[in-house]
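Down below is the structure, laid out as structure tokens.
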Protein chains: 2
Amino acid sequence: MAKRSSSSTEVLLGLLTIEPMSGYDLGQTIRASVGHFWNESYGQIYPNLKKLAAGGFVSSKTERRKGKPDRQVYSITAKGRQRMANWLAVDPQPEIPRNELLLKLFFGAQASSTVLARYVESMADRERAVLGMLDHAQAQIDAQKQYPGSPFWKMVTRFGQLELEAHLQWAEETIVHLDQLNKRTATAGKRKIHAGN
Amino acid sequence: MAKRSSSSTEVLLGLLTIEPMSGYDLGQTIRASVGHFWNESYGQIYPNLKKLAAGGFVSSKTERRKGKPDRQVYSITAKGRQRMANWLAVDPQPEIPRNELLLKLFFGAQASSTVLARYVESMADRERAVLGMLDHAQAQIDAQKQYPGSPFWKMVTRFGQLELEAHLQWAEETIVHLDQLNKRTATAGKRKIHAGN
DNA sequence: AAATGCATGTAACGCGTTACATGATTTT
DNA sequence: AAAATCATGTAACGCGTTACATGCATTT
């Protein structure tokens with residue numbers, strides 16, 4: 001069976017190169033940093049951390065804190081860094097797309113244009129929010145003094161910005177088209193009623 | 001447990017509204033029509049067709065042809081069309097992104113810029129090819145006389161065009177940045193060697 | 001003679017989400 | 001008093017891919 005290699009463990013290793021963290025922290029950090037192009041659920045994070053620890057790629061120590069619950073803090077090991085380097089040297093596999101909005105639009109002749117326009121609008125709303133966060137992130141990277149990762153972080157946020165701007169432009173156009181279709185079928189309906197009576 | 005609803009059956013139903021087809025045909029048609037935003041493997045298509053038939057959403061008849069192997073040809077039923085309409089009336093769920101290229105770039109400080117540039121190049125090559133197919137598809141939709149689905153097909157291909165153009169623009173920029181980083185670390189390396197000797 | 005395409009399927013496997021469980025603390 | 005957040009996990013489930021199996025026809 002082919003390597004599926006799904007990078008769910010490597011995102012953990014990668015973030016641990018920046019700073020030792022707990023599973024919970026990793027979840028939060030993923031959302032905040034790579035969230036716009038990668039996500040990971042806790043049902044994935046905790047078991048994978050255990051596997052990484054069992055393989056010697058990370059080490060863990062229990063941190064006790066008065067009042068607050070204990071946390072398991074993980075650090076990457078030399079072996080873990082090596083694994084990270086190996087992973088980085090392998091060609092990334094292209095993602096297989098699955099866009100349900102586009103699928104429904106493709107079959108849009110069987111649906112209400114008004115409803116479809118709503119779908120496009122709410123997608124645009126969602127993406128506008130993400131774009132705002134990316135702009136903010138971009139500004140922050142520029143403001144804070146250079147980390148070794150800074151140029152790369154800029155590249156990935158730039159990707160998001162360009163992609164989302166393209167989506168938003170498309171959404172604008174598409175809503176206009178859908179409205180026009182709606183008007184046309186509405187007047188066609190009226191005409192039919194007139195002809196029928 | 002929440003509805004996962006993954007639309008794998010609906011894409012089959014949807015294409016069968018256009019024309020009765022076999023499982024094999026559906027696989028080919030998916031690749032050719034919605035392939036740039038939706039994919040489906042045969043290991044998914046055949047079992048799902050059986051389920052749809054068992055539920056009365058499609059009917060099947062065996063087609064015997066001299067020389068060639070038999071084919072099961074599926075047609076959508078009234079019940080199937082109703083199911084399609086219901087599905088279209090439900091909000092599409094936003095896709096969760098998983099872009100491995102961006103993930104590797106994000107951790108690019110630990111990798112070779114030359115290698116990363118190669119990754120970006122090959123992604124651009126792949127997407128340029130898809131863009132070419134989309135341009136061709138767009139032209140075909142314009143050329144052939146209006147189907148009820150035509151305006152919607154144009155919307156989804158337009159989405160792909162805008163998105164891919166954004167990606168390609170980003171790829172150009174990014175390769176330049178990566179080359180600059182590469183030069184800088186190369187000269188920094190030289191300087192070190194000079195200083196050391 | 002070998003490889004590719006047509007055509008239909010099944011089995012195994014793993015990835016990933018969702019739901020559930022627990023319990024303490026902080027905020028509303 | 002209730003809700004949300006911190007914090008860590010496990011179990012169940014289903015989705016989807018990959019690999020395998022079969023066999024005939026056509027192409028190289």
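Ligands are numbered from 1 in the order shown, chains are lettered A, B, ... in the order of the structure tokens, and residues start at 1 in each chain.
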* Enumerate as JSON, numbers by chain the residues belonging to chain A that approach chain B to within 8 Å, with only C-alpha atoms taken into account. => {"A": [7, 11, 14, 34, 36, 37, 38, 39, 85, 88, 89, 91, 92, 93, 94, 95, 96, 97, 98, 99, 100, 101, 102, 103, 104, 105, 106, 107, 108, 109, 110, 111, 115, 119, 123, 148, 149, 152, 153, 155, 156, 158, 159, 162, 163, 166, 167, 170, 174]}
* To do: Please report as a PyMOL selection string which residues of chain A come no farther than 10 Å from chain D, using only C-alpha atoms (C1' of nucleotides).
  => chain A and resi 1-2+4+22-25+42-43+46-47+68-72
Save the residues we just selected, N, CA and C atoms, as a PDB file, in the first residue's frame?
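out02.pdb, freshly written:
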```pdb
ATOM      1  N   MET A   1       0.849  -1.223   0.000  1.00  0.00           N
ATOM      2  CA  MET A   1       0.000   0.000   0.000  1.00  0.00           C
ATOM      3  C   MET A   1       0.872   1.255   0.000  1.00  0.00           C
ATOM      4  N   ALA A   2       0.505   2.188  -0.819  1.00  0.00           N
ATOM      5  CA  ALA A   2       1.344   3.387  -1.017  1.00  0.00           C
ATOM      6  C   ALA A   2       1.401   4.256   0.233  1.00  0.00           C
ATOM      7  N   ARG A   4       0.859   7.122   2.406  1.00  0.00           N
ATOM      8  CA  ARG A   4      -0.130   8.188   2.362  1.00  0.00           C
ATOM      9  C   ARG A   4       0.458   9.447   2.981  1.00  0.00           C
ATOM     10  N   SER A  22       2.356  22.290  24.225  1.00  0.00           N
ATOM     11  CA  SER A  22       1.443  21.197  24.556  1.00  0.00           C
ATOM     12  C   SER A  22       0.537  20.913  23.361  1.00  0.00           C
ATOM     13  N   GLY A  23      -0.178  19.800  23.439  1.00  0.00           N
ATOM     14  CA  GLY A  23      -1.115  19.452  22.382  1.00  0.00           C
ATOM     15  C   GLY A  23      -2.159  20.546  22.178  1.00  0.00           C
ATOM     16  N   TYR A  24      -2.622  21.041  23.272  1.00  0.00           N
ATOM     17  CA  TYR A  24      -3.629  22.106  23.185  1.00  0.00           C
ATOM     18  C   TYR A  24      -3.063  23.336  22.487  1.00  0.00           C
ATOM     19  N   ASP A  25      -1.852  23.727  22.901  1.00  0.00           N
ATOM     20  CA  ASP A  25      -1.182  24.857  22.259  1.00  0.00           C
ATOM     21  C   ASP A  25      -1.044  24.649  20.753  1.00  0.00           C
ATOM     22  N   TYR A  42      -8.101  17.871  17.278  1.00  0.00           N
ATOM     23  CA  TYR A  42      -7.472  17.310  18.470  1.00  0.00           C
ATOM     24  C   TYR A  42      -7.487  15.787  18.456  1.00  0.00           C
ATOM     25  N   GLY A  43      -8.514  15.234  17.842  1.00  0.00           N
ATOM     26  CA  GLY A  43      -8.589  13.788  17.698  1.00  0.00           C
ATOM     27  C   GLY A  43      -7.448  13.240  16.869  1.00  0.00           C
ATOM     28  N   TYR A  46      -3.515  14.678  19.475  1.00  0.00           N
ATOM     29  CA  TYR A  46      -3.071  13.947  20.660  1.00  0.00           C
ATOM     30  C   TYR A  46      -2.519  12.568  20.338  1.00  0.00           C
ATOM     31  N   PRO A  47      -3.229  11.758  19.563  1.00  0.00           N
ATOM     32  CA  PRO A  47      -2.651  10.447  19.220  1.00  0.00           C
ATOM     33  C   PRO A  47      -1.335  10.566  18.452  1.00  0.00           C
ATOM     34  N   LYS A  68      -4.002  25.622  37.988  1.00  0.00           N
ATOM     35  CA  LYS A  68      -4.346  25.161  36.646  1.00  0.00           C
ATOM     36  C   LYS A  68      -4.019  23.688  36.458  1.00  0.00           C
ATOM     37  N   PRO A  69      -4.715  23.049  35.511  1.00  0.00           N
ATOM     38  CA  PRO A  69      -4.458  21.627  35.244  1.00  0.00           C
ATOM     39  C   PRO A  69      -3.064  21.415  34.659  1.00  0.00           C
ATOM     40  N   ASP A  70      -2.544  20.186  34.822  1.00  0.00           N
ATOM     41  CA  ASP A  70      -1.231  19.845  34.274  1.00  0.00           C
ATOM     42  C   ASP A  70      -1.235  19.929  32.750  1.00  0.00           C
ATOM     43  N   ARG A  71      -0.057  20.180  32.203  1.00  0.00           N
ATOM     44  CA  ARG A  71       0.075  20.124  30.748  1.00  0.00           C
ATOM     45  C   ARG A  71       1.289  19.268  30.379  1.00  0.00           C
ATOM     46  N   GLN A  72       1.137  18.550  29.258  1.00  0.00           N
ATOM     47  CA  GLN A  72       2.254  17.818  28.696  1.00  0.00           C
ATOM     48  C   GLN A  72       2.913  18.718  27.668  1.00  0.00           C
TER      49      GLN A  72
END
```
Fit result for chain A on chain B over all paired C-alpha atoms, given as an mmCIF file with C-alpha atoms, in the first residue's frame:
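Dumped everything to selection.cif:
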```cif
data_model
loop_
_atom_site.group_PDB
_atom_site.id
_atom_site.type_symbol
_atom_site.label_atom_id
_atom_site.label_comp_id
_atom_site.auth_asym_id
_atom_site.auth_seq_id
_atom_site.Cartn_x
_atom_site.Cartn_y
_atom_site.Cartn_z
ATOM 1 C CA MET A 1 -23.276 11.625 14.720
ATOM 2 C CA ALA A 2 -23.543 14.608 12.409
ATOM 3 C CA LYS A 3 -24.521 14.277 8.786
ATOM 4 C CA ARG A 4 -21.356 14.086 6.790
ATOM 5 C CA SER A 5 -23.405 14.194 3.597
ATOM 6 C CA SER A 6 -20.313 14.202 1.476
ATOM 7 C CA SER A 7 -21.938 14.787 -1.921
ATOM 8 C CA SER A 8 -20.235 11.770 -3.458
ATOM 9 C CA THR A 9 -23.590 10.364 -4.413
ATOM 10 C CA GLU A 10 -25.042 13.687 -5.543
ATOM 11 C CA VAL A 11 -22.396 14.283 -8.159
ATOM 12 C CA LEU A 12 -23.506 10.990 -9.693
ATOM 13 C CA LEU A 13 -27.165 11.927 -9.571
ATOM 14 C CA GLY A 14 -26.381 15.332 -10.997
ATOM 15 C CA LEU A 15 -24.544 13.992 -14.001
ATOM 16 C CA LEU A 16 -27.296 11.464 -14.600
ATOM 17 C CA THR A 17 -29.756 14.352 -14.997
ATOM 18 C CA ILE A 18 -27.826 15.240 -18.140
ATOM 19 C CA GLU A 19 -27.708 11.755 -19.597
ATOM 20 C CA PRO A 20 -27.987 8.071 -18.570
ATOM 21 C CA MET A 21 -24.537 6.605 -18.058
ATOM 22 C CA SER A 22 -22.546 3.658 -16.751
ATOM 23 C CA GLY A 23 -20.253 3.801 -13.744
ATOM 24 C CA TYR A 24 -17.272 3.923 -16.005
ATOM 25 C CA ASP A 25 -18.772 6.780 -18.006
ATOM 26 C CA LEU A 26 -19.434 8.678 -14.812
ATOM 27 C CA GLY A 27 -15.793 8.392 -13.864
ATOM 28 C CA GLN A 28 -14.689 9.753 -17.206
ATOM 29 C CA THR A 29 -17.286 12.493 -17.212
ATOM 30 C CA ILE A 30 -16.394 13.653 -13.723
ATOM 31 C CA ARG A 31 -12.769 13.997 -14.748
ATOM 32 C CA ALA A 32 -13.676 15.914 -17.879
ATOM 33 C CA SER A 33 -16.354 18.224 -16.515
ATOM 34 C CA VAL A 34 -16.007 18.921 -12.812
ATOM 35 C CA GLY A 35 -12.525 17.466 -12.456
ATOM 36 C CA HIS A 36 -10.890 20.758 -11.568
ATOM 37 C CA PHE A 37 -12.925 21.124 -8.385
ATOM 38 C CA TRP A 38 -14.264 17.652 -7.674
ATOM 39 C CA ASN A 39 -12.931 14.129 -8.002
ATOM 40 C CA GLU A 40 -14.310 10.705 -7.423
ATOM 41 C CA SER A 41 -12.639 7.305 -7.532
ATOM 42 C CA TYR A 42 -14.192 4.133 -8.901
ATOM 43 C CA GLY A 43 -13.930 2.572 -5.474
ATOM 44 C CA GLN A 44 -16.467 5.210 -4.537
ATOM 45 C CA ILE A 45 -18.555 5.363 -7.702
ATOM 46 C CA TYR A 46 -19.572 1.719 -8.060
ATOM 47 C CA PRO A 47 -20.682 1.108 -4.470
ATOM 48 C CA ASN A 48 -22.547 4.425 -4.408
ATOM 49 C CA LEU A 49 -24.408 3.585 -7.603
ATOM 50 C CA LYS A 50 -25.557 0.363 -5.966
ATOM 51 C CA LYS A 51 -26.778 2.247 -2.928
ATOM 52 C CA LEU A 52 -28.596 4.747 -5.120
ATOM 53 C CA ALA A 53 -30.245 1.894 -7.022
ATOM 54 C CA ALA A 54 -31.230 0.184 -3.768
ATOM 55 C CA GLY A 55 -32.845 3.418 -2.604
ATOM 56 C CA GLY A 56 -34.740 3.882 -5.855
ATOM 57 C CA PHE A 57 -32.909 7.074 -6.796
ATOM 58 C CA VAL A 58 -31.603 5.550 -10.007
ATOM 59 C CA SER A 59 -32.677 2.638 -12.178
ATOM 60 C CA SER A 60 -30.287 0.406 -14.077
ATOM 61 C CA LYS A 61 -30.479 -1.713 -17.154
ATOM 62 C CA THR A 62 -27.881 -4.051 -18.568
ATOM 63 C CA GLU A 63 -26.734 -3.138 -22.043
ATOM 64 C CA ARG A 64 -25.373 -6.028 -24.129
ATOM 65 C CA ARG A 65 -23.111 -5.208 -27.050
ATOM 66 C CA LYS A 66 -21.534 -7.609 -29.509
ATOM 67 C CA GLY A 67 -17.805 -7.898 -29.021
ATOM 68 C CA LYS A 68 -17.649 -5.431 -26.174
ATOM 69 C CA PRO A 69 -18.265 -6.230 -22.507
ATOM 70 C CA ASP A 70 -21.678 -5.564 -20.946
ATOM 71 C CA ARG A 71 -22.368 -2.244 -19.298
ATOM 72 C CA GLN A 72 -24.767 -1.265 -16.547
ATOM 73 C CA VAL A 73 -26.460 1.946 -17.639
ATOM 74 C CA TYR A 74 -28.026 4.032 -14.882
ATOM 75 C CA SER A 75 -30.847 6.550 -15.228
ATOM 76 C CA ILE A 76 -32.088 8.987 -12.628
ATOM 77 C CA THR A 77 -35.640 8.503 -11.324
ATOM 78 C CA ALA A 78 -38.203 11.068 -10.148
ATOM 79 C CA LYS A 79 -37.202 10.214 -6.598
ATOM 80 C CA GLY A 80 -33.591 10.862 -7.550
ATOM 81 C CA ARG A 81 -34.453 14.286 -8.963
ATOM 82 C CA GLN A 82 -36.211 15.135 -5.743
ATOM 83 C CA ARG A 83 -33.171 14.152 -3.745
ATOM 84 C CA MET A 84 -31.044 16.301 -6.000
ATOM 85 C CA ALA A 85 -33.334 19.279 -5.396
ATOM 86 C CA ASN A 86 -33.159 18.757 -1.639
ATOM 87 C CA TRP A 87 -29.398 18.596 -1.743
ATOM 88 C CA LEU A 88 -29.204 21.781 -3.788
ATOM 89 C CA ALA A 89 -31.314 23.572 -1.190
ATOM 90 C CA VAL A 90 -28.835 22.850 1.616
ATOM 91 C CA ASP A 91 -25.985 25.282 2.305
ATOM 92 C CA PRO A 92 -22.737 23.955 0.876
ATOM 93 C CA GLN A 93 -20.210 23.404 3.608
ATOM 94 C CA PRO A 94 -16.931 25.269 3.230
ATOM 95 C CA GLU A 95 -14.043 23.058 2.265
ATOM 96 C CA ILE A 96 -11.294 22.464 4.764
ATOM 97 C CA PRO A 97 -7.992 23.302 3.104
ATOM 98 C CA ARG A 98 -4.929 21.105 3.114
ATOM 99 C CA ASN A 99 -2.200 22.444 0.930
ATOM 100 C CA GLU A 100 1.012 20.523 1.401
ATOM 101 C CA LEU A 101 3.055 22.829 -0.797
ATOM 102 C CA LEU A 102 2.219 25.792 1.404
ATOM 103 C CA LEU A 103 2.957 23.768 4.506
ATOM 104 C CA LYS A 104 6.442 22.939 3.275
ATOM 105 C CA LEU A 105 6.992 26.536 2.261
ATOM 106 C CA PHE A 106 5.891 27.692 5.691
ATOM 107 C CA PHE A 107 8.696 25.632 7.191
ATOM 108 C CA GLY A 108 11.003 26.627 4.361
ATOM 109 C CA ALA A 109 13.704 28.064 6.618
ATOM 110 C CA GLN A 110 14.756 24.469 7.300
ATOM 111 C CA ALA A 111 14.924 23.519 3.621
ATOM 112 C CA SER A 112 16.827 24.362 0.463
ATOM 113 C CA SER A 113 15.418 27.326 -1.437
ATOM 114 C CA THR A 114 16.345 25.673 -4.710
ATOM 115 C CA VAL A 115 14.267 22.646 -3.869
ATOM 116 C CA LEU A 116 11.369 24.798 -2.771
ATOM 117 C CA ALA A 117 11.523 26.738 -6.031
ATOM 118 C CA ARG A 118 11.296 23.441 -7.890
ATOM 119 C CA TYR A 119 8.141 22.577 -5.968
ATOM 120 C CA VAL A 120 6.587 25.900 -6.901
ATOM 121 C CA GLU A 121 7.598 25.478 -10.539
ATOM 122 C CA SER A 122 6.040 22.061 -10.872
ATOM 123 C CA MET A 123 2.859 23.279 -9.237
ATOM 124 C CA ALA A 124 2.777 26.125 -11.745
ATOM 125 C CA ASP A 125 3.319 23.697 -14.620
ATOM 126 C CA ARG A 126 0.453 21.540 -13.448
ATOM 127 C CA GLU A 127 -1.877 24.466 -13.033
ATOM 128 C CA ARG A 128 -0.949 26.026 -16.361
ATOM 129 C CA ALA A 129 -2.084 22.815 -18.001
ATOM 130 C CA VAL A 130 -5.392 22.916 -16.174
ATOM 131 C CA LEU A 131 -5.844 26.568 -17.090
ATOM 132 C CA GLY A 132 -5.378 25.649 -20.729
ATOM 133 C CA MET A 133 -8.122 23.069 -20.460
ATOM 134 C CA LEU A 134 -10.410 25.557 -18.794
ATOM 135 C CA ASP A 135 -9.860 28.126 -21.518
ATOM 136 C CA HIS A 136 -10.725 25.457 -24.023
ATOM 137 C CA ALA A 137 -13.813 24.454 -22.083
ATOM 138 C CA GLN A 138 -14.929 28.056 -21.825
ATOM 139 C CA ALA A 139 -14.614 28.475 -25.585
ATOM 140 C CA GLN A 140 -16.623 25.315 -26.163
ATOM 141 C CA ILE A 141 -19.451 26.432 -23.914
ATOM 142 C CA ASP A 142 -19.612 29.707 -25.825
ATOM 143 C CA ALA A 143 -19.505 27.972 -29.201
ATOM 144 C CA GLN A 144 -22.189 25.345 -28.658
ATOM 145 C CA LYS A 145 -25.760 26.571 -28.511
ATOM 146 C CA GLN A 146 -27.218 27.286 -25.098
ATOM 147 C CA TYR A 147 -27.981 24.434 -22.751
ATOM 148 C CA PRO A 148 -29.897 25.201 -19.563
ATOM 149 C CA GLY A 149 -26.662 24.492 -17.694
ATOM 150 C CA SER A 150 -24.445 26.704 -19.848
ATOM 151 C CA PRO A 151 -24.453 29.863 -17.704
ATOM 152 C CA PHE A 152 -23.601 27.812 -14.618
ATOM 153 C CA TRP A 153 -20.838 25.898 -16.337
ATOM 154 C CA LYS A 154 -19.338 29.224 -17.335
ATOM 155 C CA MET A 155 -19.415 30.384 -13.741
ATOM 156 C CA VAL A 156 -17.472 27.418 -12.454
ATOM 157 C CA THR A 157 -14.869 27.493 -15.203
ATOM 158 C CA ARG A 158 -14.497 31.214 -14.615
ATOM 159 C CA PHE A 159 -13.802 30.456 -10.969
ATOM 160 C CA GLY A 160 -11.032 28.109 -11.965
ATOM 161 C CA GLN A 161 -9.560 30.604 -14.370
ATOM 162 C CA LEU A 162 -9.397 33.423 -11.847
ATOM 163 C CA GLU A 163 -8.043 31.190 -9.120
ATOM 164 C CA LEU A 164 -5.402 29.621 -11.302
ATOM 165 C CA GLU A 165 -4.293 32.966 -12.702
ATOM 166 C CA ALA A 166 -3.833 34.171 -9.134
ATOM 167 C CA HIS A 167 -1.814 31.057 -8.317
ATOM 168 C CA LEU A 168 0.391 31.545 -11.351
ATOM 169 C CA GLN A 169 1.035 35.171 -10.530
ATOM 170 C CA TRP A 170 1.993 34.127 -7.020
ATOM 171 C CA ALA A 171 4.255 31.399 -8.350
ATOM 172 C CA GLU A 172 6.166 33.895 -10.495
ATOM 173 C CA GLU A 173 6.715 36.256 -7.590
ATOM 174 C CA THR A 174 7.608 33.465 -5.236
ATOM 175 C CA ILE A 175 10.208 31.900 -7.460
ATOM 176 C CA VAL A 176 11.941 35.268 -7.706
ATOM 177 C CA HIS A 177 11.922 35.598 -3.928
ATOM 178 C CA LEU A 178 13.276 32.108 -3.453
ATOM 179 C CA ASP A 179 16.068 32.747 -5.939
ATOM 180 C CA GLN A 180 17.010 35.903 -4.097
ATOM 181 C CA LEU A 181 17.109 34.058 -0.792
ATOM 182 C CA ASN A 182 19.282 31.449 -2.378
ATOM 183 C CA LYS A 183 21.778 33.994 -3.691
ATOM 184 C CA ARG A 184 21.911 35.771 -0.366
ATOM 185 C CA THR A 185 22.659 32.647 1.642
ATOM 186 C CA ALA A 186 25.212 31.623 -0.990
ATOM 187 C CA THR A 187 27.114 34.910 -0.724
ATOM 188 C CA ALA A 188 26.737 34.853 3.061
ATOM 189 C CA GLY A 189 28.358 31.422 2.947
ATOM 190 C CA LYS A 190 31.236 32.762 0.828
ATOM 191 C CA ARG A 191 31.756 35.657 3.191
ATOM 192 C CA LYS A 192 31.960 33.253 6.087
ATOM 193 C CA ILE A 193 34.531 31.155 4.279
ATOM 194 C CA HIS A 194 36.592 34.250 3.521
ATOM 195 C CA ALA A 195 36.372 35.456 7.107
ATOM 196 C CA GLY A 196 37.217 31.985 8.358
ATOM 197 C CA ASN A 197 40.345 31.747 6.245
#
```
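Using only C-alpha atoms (C1' of nucleotides), the smallest distance between any of C:DG14, C:DT27, C:DA3, C:DA21 and chain A comes from C:DG14.
Any residue of chain C with an atom within 12 Å of chain B counts; using only C-alpha atoms (C1' of nucleotides), that gives DG5, DC6, DA7, DT8, DG9, DT10, DA11, DG16, DT17, DT18, DA19 and DC20 of chain C.
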* Would you list, as a VMD selection string, the residues of region 94-158 of chain B that end up in alpha helix (DSSP H) under DSSP run on this structure's backbone? => chain B and resid 100 to 106 113 to 143 150 to 158
* Residue list (strand (DSSP E), DSSP) for region 7-180 of chain B, as a PyMOL selection string -> chain B and resi 21-22+58-63+71-76
Can you spit out the residues from that selection as a short mmCIF file (atom, residue, chain, number, x, y, z; two decimals), in the first residue's frame, using C-alpha atoms?
```cif
data_model
loop_
_atom_site.label_atom_id
_atom_site.label_comp_id
_atom_site.auth_asym_id
_atom_site.auth_seq_id
_atom_site.Cartn_x
_atom_site.Cartn_y
_atom_site.Cartn_z
CA MET B 21 -24.53 6.62 -18.05
CA SER B 22 -22.55 3.65 -16.75
CA VAL B 58 -31.62 5.54 -10.03
CA SER B 59 -32.68 2.62 -12.21
CA SER B 60 -30.30 0.40 -14.10
CA LYS B 61 -30.48 -1.73 -17.18
CA THR B 62 -27.87 -4.06 -18.61
CA GLU B 63 -26.72 -3.14 -22.08
CA ARG B 71 -22.36 -2.25 -19.31
CA GLN B 72 -24.76 -1.27 -16.57
CA VAL B 73 -26.45 1.93 -17.66
CA TYR B 74 -28.03 4.03 -14.91
CA SER B 75 -30.85 6.55 -15.25
CA ILE B 76 -32.09 8.98 -12.65
#
```
